[in-house]
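Data from final-v2.txt: compact mmCIF, C-alpha atoms
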# COMPACT_ATOMS: atom_id res chain seq x y z
CA MET A 18 -5.17 -1.76 21.76
CA LYS A 19 -6.22 -4.62 19.48
CA ILE A 20 -5.91 -3.82 15.78
CA ILE A 21 -7.11 -5.87 12.84
CA VAL A 22 -4.77 -5.49 9.87
CA THR A 23 -6.18 -6.82 6.62
CA GLY A 24 -3.53 -7.78 4.10
CA GLY A 25 -1.16 -8.03 7.03
CA ALA A 26 1.02 -10.70 5.40
CA GLY A 27 1.90 -8.39 2.54
CA PHE A 28 4.61 -5.80 2.07
CA ILE A 29 3.20 -2.80 3.95
CA GLY A 30 1.12 -4.95 6.30
CA SER A 31 4.07 -6.95 7.59
CA HIS A 32 6.09 -3.78 8.23
CA LEU A 33 3.12 -2.26 10.07
CA THR A 34 2.71 -5.44 12.13
CA THR A 35 6.35 -5.26 13.24
CA HIS A 36 5.96 -1.69 14.47
CA LEU A 37 2.62 -2.30 16.20
CA LEU A 38 3.90 -5.34 18.08
CA GLU A 39 6.98 -3.39 19.14
CA ARG A 40 4.62 -0.81 20.64
CA GLY A 41 2.91 -3.52 22.66
CA GLU A 42 -0.30 -3.66 20.63
CA LYS A 43 -2.24 -6.82 19.84
CA VAL A 44 -2.38 -7.48 16.10
CA VAL A 45 -4.93 -9.65 14.30
CA VAL A 46 -4.10 -10.25 10.65
CA ILE A 47 -6.55 -11.28 7.93
CA ASP A 48 -4.87 -12.39 4.70
CA ASP A 49 -5.85 -14.87 2.01
CA PHE A 50 -2.30 -15.46 0.70
CA ASN A 51 -3.55 -15.16 -2.87
CA ASN A 52 -1.31 -15.72 -5.88
CA PHE A 53 -1.02 -12.12 -7.12
CA TYR A 54 2.61 -12.75 -6.27
CA ASP A 55 4.31 -15.77 -4.70
CA PRO A 56 2.40 -16.64 -1.49
CA ALA A 57 5.62 -18.13 -0.09
CA LEU A 58 7.00 -14.60 0.24
CA LYS A 59 4.02 -13.61 2.38
CA ARG A 60 4.45 -16.69 4.53
CA GLU A 61 8.06 -15.67 5.08
CA ASN A 62 6.81 -12.23 6.10
CA VAL A 63 4.58 -13.60 8.87
CA LYS A 64 6.87 -16.36 10.10
CA PRO A 65 8.64 -14.18 12.72
CA PHE A 66 5.30 -13.13 14.24
CA LEU A 67 3.72 -16.55 14.72
CA PRO A 68 5.28 -17.33 18.15
CA ASN A 69 4.20 -13.93 19.53
CA PRO A 70 1.18 -14.26 21.88
CA ASP A 71 0.04 -10.77 20.83
CA TYR A 72 -0.25 -11.87 17.20
CA LYS A 73 -3.05 -13.84 15.58
CA LEU A 74 -3.40 -14.84 11.93
CA TYR A 75 -6.59 -15.69 10.07
CA GLU A 76 -6.16 -17.09 6.56
CA ALA A 77 -9.37 -15.73 5.07
CA ASP A 78 -10.76 -13.85 2.08
CA ILE A 79 -12.41 -10.49 2.80
CA ARG A 80 -15.00 -11.34 0.12
CA ASN A 81 -16.34 -14.00 2.50
CA LYS A 82 -18.82 -11.95 4.52
CA GLU A 83 -19.65 -14.68 7.03
CA LYS A 84 -15.99 -15.33 7.83
CA VAL A 85 -15.25 -11.61 8.17
CA PHE A 86 -18.21 -11.18 10.54
CA GLU A 87 -17.11 -14.21 12.56
CA ILE A 88 -13.57 -12.83 12.97
CA PHE A 89 -14.84 -9.43 14.09
CA ARG A 90 -17.29 -10.94 16.57
CA THR A 91 -14.55 -13.14 18.01
CA GLU A 92 -11.78 -10.55 18.19
CA LYS A 93 -13.74 -7.34 18.93
CA PRO A 94 -10.96 -5.03 17.71
CA ASP A 95 -10.47 -1.44 18.82
CA ALA A 96 -9.37 -0.34 15.34
CA VAL A 97 -8.97 -1.63 11.79
CA CYS A 98 -6.27 -0.91 9.24
CA HIS A 99 -7.61 -2.09 5.90
CA LEU A 100 -4.67 -2.76 3.57
CA ALA A 101 -5.98 -5.85 1.76
CA ALA A 102 -6.64 -5.22 -1.92
CA ARG A 103 -5.95 -6.36 -5.40
CA ALA A 104 -3.23 -3.91 -6.36
CA GLY A 105 -1.78 -2.63 -9.60
CA VAL A 106 -3.09 -0.53 -12.46
CA ARG A 107 -2.20 -2.82 -15.38
CA PRO A 108 -3.55 -6.09 -13.91
CA SER A 109 -6.83 -4.34 -13.09
CA ILE A 110 -7.38 -3.64 -16.78
CA GLU A 111 -7.03 -7.38 -17.46
CA ASP A 112 -9.48 -8.45 -14.74
CA PRO A 113 -11.69 -5.58 -13.59
CA LEU A 114 -14.36 -7.85 -12.10
CA LEU A 115 -11.88 -9.35 -9.65
CA TYR A 116 -10.77 -5.87 -8.59
CA GLU A 117 -14.36 -4.82 -8.04
CA GLU A 118 -15.09 -7.90 -5.92
CA VAL A 119 -12.02 -7.64 -3.69
CA ASN A 120 -11.60 -3.89 -3.41
CA CYS A 121 -15.24 -2.82 -3.30
CA VAL A 122 -17.26 -5.77 -1.96
CA GLY A 123 -14.42 -6.73 0.40
CA THR A 124 -14.25 -3.21 1.80
CA LEU A 125 -18.02 -3.12 2.19
CA ASN A 126 -17.93 -6.42 4.13
CA LEU A 127 -15.40 -4.91 6.54
CA LEU A 128 -17.41 -1.73 7.02
CA GLU A 129 -20.53 -3.79 7.71
CA ALA A 130 -18.61 -5.86 10.27
CA VAL A 131 -17.38 -2.65 11.89
CA ARG A 132 -20.93 -1.26 11.97
CA ASN A 133 -22.22 -4.39 13.65
CA ILE A 134 -19.71 -4.45 16.50
CA GLY A 135 -18.70 -0.78 16.72
CA ILE A 136 -15.02 0.26 16.75
CA GLY A 137 -13.03 3.39 17.45
CA ASN A 138 -11.26 3.87 14.14
CA PHE A 139 -11.16 2.61 10.53
CA VAL A 140 -8.07 3.38 8.44
CA PHE A 141 -8.38 2.65 4.73
CA ALA A 142 -5.44 2.32 2.33
CA SER A 143 -6.25 4.27 -0.80
CA SER A 144 -3.92 5.20 -3.65
CA SER A 145 -2.49 8.13 -5.56
CA SER A 146 -3.95 6.40 -8.63
CA VAL A 147 -7.30 8.05 -7.86
CA TYR A 148 -5.91 11.38 -9.13
CA GLY A 149 -5.67 10.07 -12.70
CA ILE A 150 -4.02 12.38 -15.19
CA ASN A 151 -3.87 15.49 -13.04
CA SER A 152 -2.29 18.55 -14.65
CA LYS A 153 -2.02 20.32 -11.28
CA VAL A 154 0.98 19.33 -9.19
CA PRO A 155 1.56 18.56 -6.44
CA PHE A 156 -1.65 16.57 -5.96
CA SER A 157 -3.84 17.91 -3.17
CA GLU A 158 -6.72 16.23 -1.35
CA GLU A 159 -8.85 19.17 -2.51
CA ASP A 160 -8.32 18.37 -6.20
CA PRO A 161 -11.42 17.10 -8.03
CA ILE A 162 -11.37 13.31 -8.44
CA THR A 163 -13.59 12.75 -11.44
CA CYS A 164 -11.51 10.87 -14.03
CA PRO A 165 -9.75 7.76 -12.68
CA ILE A 166 -8.18 5.98 -15.66
CA SER A 167 -7.98 2.38 -14.44
CA PRO A 168 -10.36 -0.04 -12.72
CA TYR A 169 -7.91 -0.15 -9.79
CA ALA A 170 -8.14 3.63 -9.34
CA SER A 171 -11.93 3.52 -9.59
CA THR A 172 -12.18 0.82 -6.91
CA LYS A 173 -9.97 2.81 -4.55
CA ARG A 174 -12.09 5.92 -5.05
CA ALA A 175 -15.21 3.83 -4.44
CA GLY A 176 -13.67 2.66 -1.16
CA GLU A 177 -13.08 6.24 -0.06
CA LEU A 178 -16.69 7.15 -0.82
CA MET A 179 -18.03 4.12 1.04
CA CYS A 180 -15.94 5.09 4.07
CA PHE A 181 -17.55 8.53 3.94
CA THR A 182 -21.02 7.01 3.74
CA TYR A 183 -20.43 4.81 6.80
CA SER A 184 -18.88 7.68 8.70
CA HIS A 185 -21.89 9.85 7.92
CA LEU A 186 -24.59 7.26 8.58
CA PHE A 187 -23.07 5.23 11.42
CA ASN A 188 -20.47 7.55 13.00
CA ILE A 189 -17.56 5.29 12.14
CA PRO A 190 -14.34 7.33 12.38
CA SER A 191 -12.54 6.87 9.06
CA THR A 192 -9.26 8.04 7.58
CA CYS A 193 -8.44 7.29 3.94
CA LEU A 194 -4.70 7.38 3.26
CA ARG A 195 -3.63 7.89 -0.35
CA PHE A 196 -0.30 6.08 -0.69
CA PHE A 197 2.20 7.25 -3.29
CA THR A 198 4.38 4.46 -4.83
CA VAL A 199 5.58 2.68 -1.71
CA TYR A 200 8.90 0.82 -1.82
CA GLY A 201 11.39 -0.73 0.56
CA GLU A 202 12.61 -3.99 2.03
CA ARG A 203 10.32 -6.96 1.28
CA GLY A 204 8.70 -4.87 -1.44
CA ARG A 205 6.21 -6.44 -3.84
CA PRO A 206 8.13 -8.10 -6.70
CA ASP A 207 5.89 -6.50 -9.34
CA MET A 208 6.79 -2.95 -8.28
CA ALA A 209 9.41 -1.05 -10.29
CA ILE A 210 12.24 -0.88 -7.74
CA ALA A 211 12.01 -4.55 -6.76
CA LYS A 212 11.56 -5.71 -10.35
CA PHE A 213 14.33 -3.53 -11.79
CA THR A 214 16.80 -4.50 -9.07
CA LYS A 215 16.27 -8.21 -9.69
CA LEU A 216 16.43 -7.93 -13.48
CA ILE A 217 19.53 -5.72 -13.49
CA TRP A 218 21.30 -8.12 -11.12
CA GLU A 219 20.39 -11.05 -13.38
CA ASP A 220 21.58 -9.20 -16.53
CA ARG A 221 18.08 -9.29 -17.99
CA GLU A 222 16.18 -6.54 -19.78
CA ILE A 223 14.03 -4.19 -17.74
CA PRO A 224 10.76 -3.00 -19.31
CA VAL A 225 10.33 0.78 -19.45
CA TYR A 226 6.95 2.00 -20.63
CA GLY A 227 7.44 5.27 -22.53
CA ASP A 228 10.73 7.13 -22.87
CA GLY A 229 11.74 6.99 -19.20
CA SER A 230 10.63 10.55 -18.46
CA ALA A 231 7.69 9.54 -16.25
CA GLN A 232 7.95 10.85 -12.69
CA ARG A 233 6.86 9.12 -9.50
CA ASP A 234 6.69 10.21 -5.89
CA PHE A 235 8.43 7.17 -4.38
CA THR A 236 7.74 6.80 -0.66
CA TYR A 237 9.80 4.65 1.69
CA VAL A 238 7.79 2.04 3.58
CA GLY A 239 9.02 3.19 6.99
CA ASP A 240 7.61 6.66 6.35
CA ILE A 241 4.30 5.16 5.22
CA VAL A 242 4.07 3.00 8.34
CA GLY A 243 4.69 6.04 10.51
CA GLY A 244 1.78 7.81 8.84
CA ILE A 245 -0.50 4.78 9.23
CA GLN A 246 0.30 4.49 12.93
CA ASN A 247 -0.44 8.15 13.52
CA ALA A 248 -3.76 7.76 11.72
CA LEU A 249 -4.61 4.75 13.90
CA TYR A 250 -3.92 6.72 17.09
CA LYS A 251 -5.65 9.93 15.94
CA PRO A 252 -9.18 9.06 14.79
CA SER A 253 -11.01 11.54 12.58
CA LYS A 254 -14.70 11.65 11.75
CA TYR A 255 -13.70 11.41 8.09
CA GLU A 256 -10.52 12.54 6.35
CA ILE A 257 -8.62 11.87 3.14
CA VAL A 258 -4.87 12.33 3.54
CA ASN A 259 -1.96 11.99 1.12
CA LEU A 260 1.07 10.00 2.31
CA GLY A 261 3.94 10.55 -0.10
CA GLY A 262 7.58 11.44 -0.32
CA ALA A 263 6.69 14.97 -1.49
CA ASN A 264 9.37 14.68 -4.15
CA THR A 265 9.35 13.36 -7.71
CA VAL A 266 11.94 11.09 -9.27
CA VAL A 267 12.31 10.67 -13.03
CA LEU A 268 12.31 7.01 -14.02
CA LYS A 269 15.69 7.32 -15.78
CA LYS A 270 17.24 8.67 -12.57
CA LEU A 271 15.71 5.82 -10.59
CA ILE A 272 17.34 3.29 -12.92
CA THR A 273 20.71 5.04 -12.52
CA LEU A 274 20.42 4.87 -8.72
CA ILE A 275 19.67 1.16 -8.85
CA GLU A 276 22.57 0.59 -11.27
CA ASP A 277 24.96 2.40 -8.93
CA ASN A 278 23.88 0.30 -5.93
CA VAL A 279 23.73 -3.04 -7.75
CA GLY A 280 27.01 -2.41 -9.57
CA LYS A 281 25.68 -3.31 -13.01
CA LYS A 282 24.29 -1.44 -16.00
CA ALA A 283 20.66 -1.89 -16.98
CA LYS A 284 19.58 -3.36 -20.29
CA ILE A 285 16.48 -1.35 -21.13
CA ASN A 286 13.60 -2.47 -23.33
CA TYR A 287 11.55 0.62 -24.20
CA LEU A 288 7.85 -0.14 -24.70
CA PRO A 289 4.78 1.95 -25.56
CA VAL A 290 3.13 3.80 -22.68
CA ALA A 291 0.77 1.35 -21.00
CA PRO A 292 -2.96 2.04 -20.68
CA GLY A 293 -3.79 3.39 -17.23
CA ASP A 294 -0.30 4.82 -16.62
CA VAL A 295 0.01 8.48 -15.64
CA PRO A 296 2.95 10.76 -16.47
CA ILE A 297 3.50 12.01 -12.93
CA THR A 298 2.51 11.49 -9.30
CA TYR A 299 3.46 14.08 -6.71
CA ALA A 300 2.01 14.38 -3.22
CA ASP A 301 1.17 17.57 -1.39
CA VAL A 302 1.60 16.40 2.22
CA THR A 303 0.61 19.66 3.91
CA LYS A 304 -2.51 18.07 5.36
CA ALA A 305 -0.60 14.99 6.54
CA ARG A 306 1.89 17.19 8.35
CA LYS A 307 -0.89 19.12 10.05
CA LEU A 308 -3.20 16.24 11.00
CA LEU A 309 -0.79 13.36 11.52
CA GLY A 310 2.57 14.96 12.17
CA PHE A 311 3.75 13.13 9.04
CA GLU A 312 7.18 13.92 7.64
CA PRO A 313 8.83 11.88 4.86
CA LYS A 314 12.36 11.31 6.14
CA VAL A 315 13.99 8.76 3.84
CA ARG A 316 15.01 10.22 0.49
CA ILE A 317 15.21 8.05 -2.59
CA GLU A 318 19.02 7.71 -2.53
CA GLU A 319 18.97 6.29 1.01
CA GLY A 320 15.89 4.18 0.35
CA ILE A 321 17.39 2.53 -2.75
CA SER A 322 20.59 1.81 -0.82
CA ARG A 323 18.58 0.13 1.95
CA TYR A 324 16.52 -1.88 -0.51
CA VAL A 325 19.49 -3.17 -2.53
CA LYS A 326 21.33 -4.11 0.67
CA TRP A 327 18.27 -6.11 1.77
CA PHE A 328 18.00 -7.66 -1.72
CA PHE A 329 21.55 -9.02 -1.54
CA GLU A 330 21.05 -10.31 2.01
CA TRP A 331 17.78 -12.00 1.00
CA ASN A 332 19.39 -13.69 -2.00
CA ASN A 333 22.35 -14.86 0.07
CA LYS A 334 19.95 -16.35 2.59
CA LYS A 335 18.11 -18.26 -0.14
CA ALA A 336 21.35 -19.56 -1.71
Mind turning this structure into structure tokens?
Amino acid sequence: MKIIVTGGAGFIGSHLTTHLLERGEKVVVIDDFNNFYDPALKRENVKPFLPNPDYKLYEADIRNKEKVFEIFRTEKPDAVCHLAARAGVRPSIEDPLLYEEVNCVGTLNLLEAVRNIGIGNFVFASSSSVYGINSKVPFSEEDPITCPISPYASTKRAGELMCFTYSHLFNIPSTCLRFFTVYGERGRPDMAIAKFTKLIWEDREIPVYGDGSAQRDFTYVGDIVGGIQNALYKPSKYEIVNLGGANTVVLKKLITLIEDNVGKKAKINYLPVAPGDVPITYADVTKARKLLGFEPKVRIEEGISRYVKWFFEWNNKKA
């Protein structure tokens, strides 16, 4: 099977690429190597794949409709995993127009390309952010999604709705996967676990928004990739599915776990709660278990241990 992976040079995309190539699939990556974080990290991510004849890389922006159409016409994929996006709640508040262009127009360009050539499956990476401030926990796919509290969340919800529209009008099989706080080796440097680990190791202050009581459903990247793969191999007419660890971790506990693994104490700078932040995320994965055979296997203690081990190895390699 030939699979286009947008955002395939990034954190989740590069892990997915590894697993797909190991399964003998052909992988076509579209990534623009933008500067949301250091593009050199993404180039390091793809370097091991470049000699593989089953791997192809296009450095392109999904906002460029003509280029997207050209790639789809040339490659004629069997399936698409759409991971490319401008990510992050707080940055979206600073530049909502950019988030609208990439996450909404970019997604629409891909769906139009899919409609024009016809494919067997479209998997869209959505986010737990769409739930907003949800007083009902754990979060279920049946919960009403009416009050997203950041431009990022709104764009992800818009993507889900557009997938439904194209499924309904053009019979494009679509699965929207709502990711819950993904972490792990090669993780994005702006995410809490990666950022805190680096700052604690460097004896610098870590920023904590609020009093440290916020809870997040941290999900190990290997579990997420397993769920994505199952969605790619099990097309649905249209489904929305949570992929999460099905377990909440209080931010203060997370910091303690990182401290224990790094071997240093954190210097904490408490800041006001940031606009767009929610007090808790918590995935109900009942539907994922039923439809995709999904089961989160790596608990936070093991996941943090794996990440910090990778962090030290990565820093030693750079030294």
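Shortest atom-to-atom contact with Val122 (chain A) among A:Lys19, A:Arg80, A:Lys282, A:Arg221: A:Arg80, counting all atoms listed in the file.
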Given the point (12.6, -2.0, -18.9) in the coordinates of this file, which residues lie within 12 Å, counting only C-alpha atoms, and how would they look as a ChimeraX atom specification?
/A:209-210,212-217,220-229,268-269,271-272,283-290
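When CA of Cys98 (chain A) is paired with CA of Asp55 (chain A), their separation reads 23.0 Å.
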Per residue of region 112-226 of chain A within 8 Å of region 232-245 of chain A, record the nearest atom pair and its distance in Å to one decimal, counting all atoms listed in the file, with rows in chain order and ascending residue number, as JSON lines.
{"residue": "A:Val140", "atom": "CA", "partner": "A:Ile245", "partner_atom": "CA", "distance": 7.7}
{"residue": "A:Leu194", "atom": "CA", "partner": "A:Ile245", "partner_atom": "CA", "distance": 7.7}
{"residue": "A:Phe196", "atom": "CA", "partner": "A:Ile241", "partner_atom": "CA", "distance": 7.5}
{"residue": "A:Phe197", "atom": "CA", "partner": "A:Asp234", "partner_atom": "CA", "distance": 6.0}
{"residue": "A:Thr198", "atom": "CA", "partner": "A:Phe235", "partner_atom": "CA", "distance": 4.9}
{"residue": "A:Val199", "atom": "CA", "partner": "A:Thr236", "partner_atom": "CA", "distance": 4.8}
{"residue": "A:Tyr200", "atom": "CA", "partner": "A:Tyr237", "partner_atom": "CA", "distance": 5.3}
{"residue": "A:Gly201", "atom": "CA", "partner": "A:Val238", "partner_atom": "CA", "distance": 5.5}
{"residue": "A:Glu202", "atom": "CA", "partner": "A:Val238", "partner_atom": "CA", "distance": 7.9}
Write out as a VMD selection string which residues come within 9 Å of region 70-79 of chain A when counting only C-alpha atoms, dropping same-chain ones fewer than 3 positions away.
chain A and resid 19 23 25 to 26 34 38 41 to 51 63 66 to 67 82 84 to 85 88 101 119 122 to 124 126 to 127
Contacts of Glu111 (chain A) within 12 Å, all atoms listed in the file, excl. fewer than 4 positions in-chain, as a ChimeraX atom specification:
/A:105-107,115-116,167-169,292-293
What is the distance between CA of Asp112 (chain A) and CA of Thr298 (chain A), in Å to one decimal?
23.9 Å
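Picture a line from CA of Ile29 (chain A) to CA of Ser152 (chain A); it runs 28.8 Å.
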Would you list the contacts of Pro155 (chain A) as a list in words, taking every protein, DNA or RNA residue within 10 Å and counting all atoms listed in the file, but skipping same-chain residues closer than 6 positions in sequence?
Asp234, Ala263, Asn264, Thr265, Ile297, Thr298, Tyr299, Ala300, Asp301 and Val302 of chain A
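Residue nearest His185 (chain A), chosen from A:Asn333, A:Asn62, A:Ser253, A:Thr273 and counting only C-alpha atoms: A:Ser253.
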Pro161 (chain A) environment, 12 Å, all atoms listed in the file, sequence neighbours closer than 2 positions dropped, as a compact mmCIF listing (two decimals) with C-alpha atoms, in the frame of the given file:
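File written: out01.txt
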# COMPACT_ATOMS: atom_id res chain seq x y z
CA VAL A 147 -7.30 8.05 -7.86
CA TYR A 148 -5.91 11.38 -9.13
CA GLY A 149 -5.67 10.07 -12.70
CA ILE A 150 -4.02 12.38 -15.19
CA ASN A 151 -3.87 15.49 -13.04
CA SER A 152 -2.29 18.55 -14.65
CA LYS A 153 -2.02 20.32 -11.28
CA PHE A 156 -1.65 16.57 -5.96
CA SER A 157 -3.84 17.91 -3.17
CA GLU A 158 -6.72 16.23 -1.35
CA GLU A 159 -8.85 19.17 -2.51
CA THR A 163 -13.59 12.75 -11.44
CA CYS A 164 -11.51 10.87 -14.03
CA PRO A 165 -9.75 7.76 -12.68
CA ARG A 174 -12.09 5.92 -5.05
Give one line per residue of region 242-284 of chain A that approaches region 177-182 of chain A to at most 9 Å, naming the two atoms of the closest pair and their distance in Å to one decimal, counting only C-alpha atoms; sort by chain then ascending residue number and deliver it as a tab-separated table.
residue	atom	partner	partner_atom	distance
A:Lys254	CA	A:Phe181	CA	8.9
A:Tyr255	CA	A:Phe181	CA	6.4
A:Glu256	CA	A:Phe181	CA	8.4
A:Ile257	CA	A:Glu177	CA	7.9
Step by step, gather every atom of region 214-217 of chain A that the file lists, find the box along x, y and z that holds them, add 4 Å on each side, and finally give centre and edge lengths in Å to one decimal, as lines of an AutoDock Vina configuration file.
center_x = 17.9
center_y = -6.4
center_z = -11.3
size_x = 11.3
size_y = 11.7
size_z = 12.4
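Distances from A:Asp207, A:Glu129, A:Asp160, A:Glu276 to Glu87 (chain A) were compared using only C-alpha atoms, and the smallest one belongs to A:Glu129.
Shortest separation to Glu92 (chain A) among A:Ile110, A:Leu37, A:Lys59, A:Ile20 occurs at residue A:Ile20, atoms counted being all atoms listed in the file.
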